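Structure record follows, encoded as structure tokens.
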Amino acid sequence: MERDDLIEYSLHAHHDEEKGKSIRKKIYFVTVLLTAVTILEVFLGAVIKQDASIWPFVKWSFVALTLLKAGYIVIVFMHLGDERPWLRYIVLVPYFIFILYLIFIALWEAVAIKGVLSYFS
Amino acid sequence: MGGHSVQLDQKALWGGKESPFQVSYGKMMMWFFLVSDALTFGGLLVAYGFTRHDCLEAWPIGEETFNSLPFLGHGFPLLYVALMTFILIISSVTMVLAVEAGHRMDKKGVVKWMIATIIGGFFFVGSQAWEWYHFIHGSEFGKVELADGSMAIVKGHFGEIENFTVTVGGQHHKKGDVVKEDLMHTFQHAAAAGHIENEIITLHDGSKAKINKAKDHDLTLIIKKSGRVYKSDKEHRVITGKKAHDLYYGALYAGETNRVIYGANLKQNEYGPQQYAQFFFFITGFHGFHVFSGVVINIIICLGVVAGTYHKRGHYEMVEKTGLYWHFVDLVWVFVFTFFYLI
């Protein structure tokens, strides 16, 4: 039987100059996008104060813009978009299960503890 | 039951030949490491959110705390952090260009872009060092505890101290001496220790001196924690003009310790609740440590590229793996930037 551990998956990643050109074009697009989003975030943060009535909307758009930036970094810069589906799943699924659980439990407990602290202070 | 054998169609089986992930062992392990590291950072940021939510004292606002630029002073909310973010994004771009050059077996291109990445990484680490220095050092006014127990942060232009004129001699200074060195540091140290009363400072050697100081401008108090008289609600928290001046110097000249706090350490800080500085040091410190180790790994791999190690191997996957780590560092910063500085 053919040895399976000798397959050089690393060699699959090679590409020619033409493909490289289109990849670089995508990289420059993401660069401009990430920079623009960061400038927008800083502008919003500097202009809109935290006691403004519009602040909750700004806050949640910060979270949305951050997830957008993170998505582009992971999918394009880290090439997760080009990997096999199974690699994507074993990276993303465990992460989201744990982090969503952690966020849920922290929110739940924080609300309860805040109630207790306010009661006794 | 036993001994019952079933004939399976070999075509339907994976057969153990090709991996379903189609990546090398090293790259997959790098991904697993990044998942666990991302959970660590996720845990830290969740803990930060938890503490911030539960802190009854007002939490500092990023644009009020981080508003300085090197050489230019105050009044530039978030610009410095934005610059740091931009540096890190650009170094991530140069890294992905190095990986792309590696896929074309373009050794010169890989070296060029990796060197650019390393320079960007050093710039980021340097920026973070300045940020820490500034955070630890604190502002010129510090945070003040007013007579009614309320806490306020102070904004404005601090009038420069010209000198201290000794009025009562001590072990080191004689009466009539004019002290001109290390004024700001001595002033802040004495203020925190409660050694200043009515423009008279008690120096280290026990001598007393009159403070000759230019006038402050636009002194503004922002109440962060309510006391019996001054409240931190939206309408009342900003105090300006003569009242602000009197309240601030009333506390500073009270001759009590820790009425004015400058800068930050692990025990107290001028920005807000104690946990704030601890989270700042731990989260940005842990991230900075990742950036630093990323730069070191990049240098090692870059030397490998220059030596031709990976070219002989037939692929530049080592560059891709270190690239994954470097992008991850950028990814974490995107989240730290939002949750620590923006929100």
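FYI, nothing fancy with the structure tokens labels: chains A, B, ... in order, residues from 1 per chain, ligands from 1 as they appear.
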Open item on the list: Which residues are near B:Glu64? Cut-off 10 Å, only C-alpha atoms, ignore same chain within fewer than 6 positions. Put them as a VMD selection string.
Closed with: (chain A and resid 46) or (chain B and resid 75 to 78 153 155 271 341)
If you keep N, CA and C atoms, can you produce a file of those selected residues as a PDB file, in the first residue's frame?
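In the end it all went to part-v8.pdb:
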ATOM      1  N   ALA A  46     -14.579  59.280  18.509  1.00  0.00           N
ATOM      2  CA  ALA A  46     -14.153  60.617  18.916  1.00  0.00           C
ATOM      3  C   ALA A  46     -15.323  61.597  18.893  1.00  0.00           C
TER       4      ALA A  46
ATOM      5  N   GLY B  75      -5.261  66.031  23.852  1.00  0.00           N
ATOM      6  CA  GLY B  75      -6.340  66.534  23.002  1.00  0.00           C
ATOM      7  C   GLY B  75      -6.503  65.776  21.703  1.00  0.00           C
ATOM      8  N   PHE B  76      -5.974  64.545  21.636  1.00  0.00           N
ATOM      9  CA  PHE B  76      -6.136  63.752  20.415  1.00  0.00           C
ATOM     10  C   PHE B  76      -6.744  62.410  20.777  1.00  0.00           C
ATOM     11  N   PRO B  77      -8.063  62.385  21.020  1.00  0.00           N
ATOM     12  CA  PRO B  77      -8.657  61.142  21.497  1.00  0.00           C
ATOM     13  C   PRO B  77      -8.456  59.980  20.523  1.00  0.00           C
ATOM     14  N   LEU B  78      -7.928  58.910  21.030  1.00  0.00           N
ATOM     15  CA  LEU B  78      -7.815  57.627  20.326  1.00  0.00           C
ATOM     16  C   LEU B  78      -6.897  57.618  19.105  1.00  0.00           C
ATOM     17  N   ILE B 153     -11.817  63.031  37.762  1.00  0.00           N
ATOM     18  CA  ILE B 153     -10.630  63.150  36.927  1.00  0.00           C
ATOM     19  C   ILE B 153     -10.523  64.611  36.501  1.00  0.00           C
ATOM     20  N   LYS B 155      -9.053  67.644  33.836  1.00  0.00           N
ATOM     21  CA  LYS B 155      -8.542  67.975  32.508  1.00  0.00           C
ATOM     22  C   LYS B 155      -8.109  69.439  32.514  1.00  0.00           C
ATOM     23  N   TYR B 271      -7.257  56.554  36.688  1.00  0.00           N
ATOM     24  CA  TYR B 271      -8.250  56.527  35.614  1.00  0.00           C
ATOM     25  C   TYR B 271      -9.617  56.045  36.059  1.00  0.00           C
ATOM     26  N   TYR B 341     -10.622  50.061  24.010  1.00  0.00           N
ATOM     27  CA  TYR B 341     -10.445  51.482  23.718  1.00  0.00           C
ATOM     28  C   TYR B 341     -11.720  52.153  23.223  1.00  0.00           C
TER      29      TYR B 341
END
- [ ] Output as a PyMOL selection string the set of chain A residues within 7 Å of chain B, with distances taken over only C-alpha atoms.
- [x] chain A and resi 4+9-11+13-17+20+31+35+42+45-46+59+62+66+70+73+77-78+84+86-87+91+95+99+103+106-107+110+113-114
Serialized selection, C-alpha atoms, as a PDB file, in the first residue's frame:
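Written output follows (out.pdb):
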ATOM      1  CA  ASP A   4      -0.076   8.019   3.134  1.00  0.00           C
ATOM      2  CA  TYR A   9       0.006  18.828   0.971  1.00  0.00           C
ATOM      3  CA  SER A  10       2.238  21.887   1.202  1.00  0.00           C
ATOM      4  CA  LEU A  11       2.991  21.595  -2.529  1.00  0.00           C
ATOM      5  CA  ALA A  13      -0.489  25.650  -2.425  1.00  0.00           C
ATOM      6  CA  HIS A  14       1.749  26.705  -5.316  1.00  0.00           C
ATOM      7  CA  HIS A  15       0.373  29.071  -7.902  1.00  0.00           C
ATOM      8  CA  ASP A  16       1.608  30.936 -10.976  1.00  0.00           C
ATOM      9  CA  GLU A  17       2.149  34.651 -11.581  1.00  0.00           C
ATOM     10  CA  GLY A  20      -0.749  35.682  -7.832  1.00  0.00           C
ATOM     11  CA  THR A  31      -6.233  46.374   3.199  1.00  0.00           C
ATOM     12  CA  THR A  35      -8.187  50.761   7.081  1.00  0.00           C
ATOM     13  CA  VAL A  42     -12.105  56.121  15.475  1.00  0.00           C
ATOM     14  CA  GLY A  45     -15.573  57.087  18.889  1.00  0.00           C
ATOM     15  CA  ALA A  46     -14.153  60.617  18.916  1.00  0.00           C
ATOM     16  CA  LYS A  59     -21.628  50.572  20.424  1.00  0.00           C
ATOM     17  CA  PHE A  62     -18.535  48.804  16.751  1.00  0.00           C
ATOM     18  CA  THR A  66     -15.131  44.346  14.537  1.00  0.00           C
ATOM     19  CA  ALA A  70     -12.146  39.702  12.030  1.00  0.00           C
ATOM     20  CA  ILE A  73      -8.621  38.684   8.469  1.00  0.00           C
ATOM     21  CA  PHE A  77      -5.343  36.780   5.346  1.00  0.00           C
ATOM     22  CA  MET A  78      -5.302  33.431   7.153  1.00  0.00           C
ATOM     23  CA  ARG A  84     -11.050  22.227   3.024  1.00  0.00           C
ATOM     24  CA  TRP A  86     -13.472  19.936   7.391  1.00  0.00           C
ATOM     25  CA  LEU A  87     -10.538  22.070   8.499  1.00  0.00           C
ATOM     26  CA  VAL A  91     -11.362  25.271  13.828  1.00  0.00           C
ATOM     27  CA  TYR A  95     -14.287  27.881  19.166  1.00  0.00           C
ATOM     28  CA  ILE A  99     -16.885  31.291  23.392  1.00  0.00           C
ATOM     29  CA  ILE A 103     -20.201  34.963  26.947  1.00  0.00           C
ATOM     30  CA  ALA A 106     -20.558  35.721  32.054  1.00  0.00           C
ATOM     31  CA  LEU A 107     -23.531  37.878  31.095  1.00  0.00           C
ATOM     32  CA  ALA A 110     -22.692  39.509  35.882  1.00  0.00           C
ATOM     33  CA  ILE A 113     -23.850  39.720  40.905  1.00  0.00           C
ATOM     34  CA  LYS A 114     -24.533  43.332  40.023  1.00  0.00           C
TER      35      LYS A 114
END
Task: Residues within 10 Å of B:Tyr262, only C-alpha atoms, excluding chain neighbours under 6 positions, as a ChimeraX atom specification - done: /B:135-144,188-189,191-192,268-271
Open item on the list: For B:Val291, find every residue with an atom within 12 Å (counting only C-alpha atoms), except residues of its own chain fewer than 5 positions away, and show them as a VMD selection string.
Closed with: chain B and resid 88 91 to 92 117 to 128 284 to 286 296 to 298 322 325 to 333
Task: Interatomic distance (Å, one decimal) between atom CA of B:Thr220 and atom CA of B:His157 - done: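 Distance between the two atoms: 9.5 Å.
For A:Val76, the set of protein, DNA and RNA residues having any atom at most 8 Å away, when counting only C-alpha atoms and skipping those fewer than 4 positions along the same chain, is Ile27, Val30, Tyr72, Leu80 and Gly81 of chain A.
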Task: Which of stretch 171-272 of chain B DSSP labels alpha helix (DSSP H), written as a PyMOL selection string - done: chain B and resi 183-193+241-252
Next, the residues of the selection above should be written as a PDB file, in the first residue's frame with C-alpha atoms.
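Result went into result14.pdb, see below:
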ATOM      1  CA  LEU B 183      10.191  69.855  39.816  1.00  0.00           C
ATOM      2  CA  MET B 184       7.179  68.006  38.383  1.00  0.00           C
ATOM      3  CA  HIS B 185       8.232  64.676  39.837  1.00  0.00           C
ATOM      4  CA  THR B 186       8.884  66.189  43.271  1.00  0.00           C
ATOM      5  CA  PHE B 187       5.586  68.072  43.140  1.00  0.00           C
ATOM      6  CA  GLN B 188       3.524  64.982  42.296  1.00  0.00           C
ATOM      7  CA  HIS B 189       5.311  62.875  44.864  1.00  0.00           C
ATOM      8  CA  ALA B 190       4.677  65.452  47.577  1.00  0.00           C
ATOM      9  CA  ALA B 191       1.057  65.979  46.487  1.00  0.00           C
ATOM     10  CA  ALA B 192       0.278  62.238  46.682  1.00  0.00           C
ATOM     11  CA  ALA B 193       1.967  62.025  50.085  1.00  0.00           C
ATOM     12  CA  GLY B 241     -13.891  77.725  36.350  1.00  0.00           C
ATOM     13  CA  LYS B 242     -12.977  79.026  39.793  1.00  0.00           C
ATOM     14  CA  LYS B 243     -15.031  76.358  41.535  1.00  0.00           C
ATOM     15  CA  ALA B 244     -13.030  73.602  39.869  1.00  0.00           C
ATOM     16  CA  HIS B 245      -9.796  75.356  40.779  1.00  0.00           C
ATOM     17  CA  ASP B 246     -10.811  75.794  44.420  1.00  0.00           C
ATOM     18  CA  LEU B 247     -12.005  72.218  44.786  1.00  0.00           C
ATOM     19  CA  TYR B 248      -8.881  70.761  43.182  1.00  0.00           C
ATOM     20  CA  TYR B 249      -6.367  72.803  45.158  1.00  0.00           C
ATOM     21  CA  GLY B 250      -8.492  72.472  48.286  1.00  0.00           C
ATOM     22  CA  ALA B 251      -7.928  68.717  48.098  1.00  0.00           C
ATOM     23  CA  LEU B 252      -4.288  69.004  47.047  1.00  0.00           C
TER      24      LEU B 252
END
Task: Close residues, A:Val58 itself excluded, 9 Å, only C-alpha atoms, min 3 positions apart in chain, as an MDAnalysis selection string - done: chainID A and resid 44:45 48 54:55 61:63
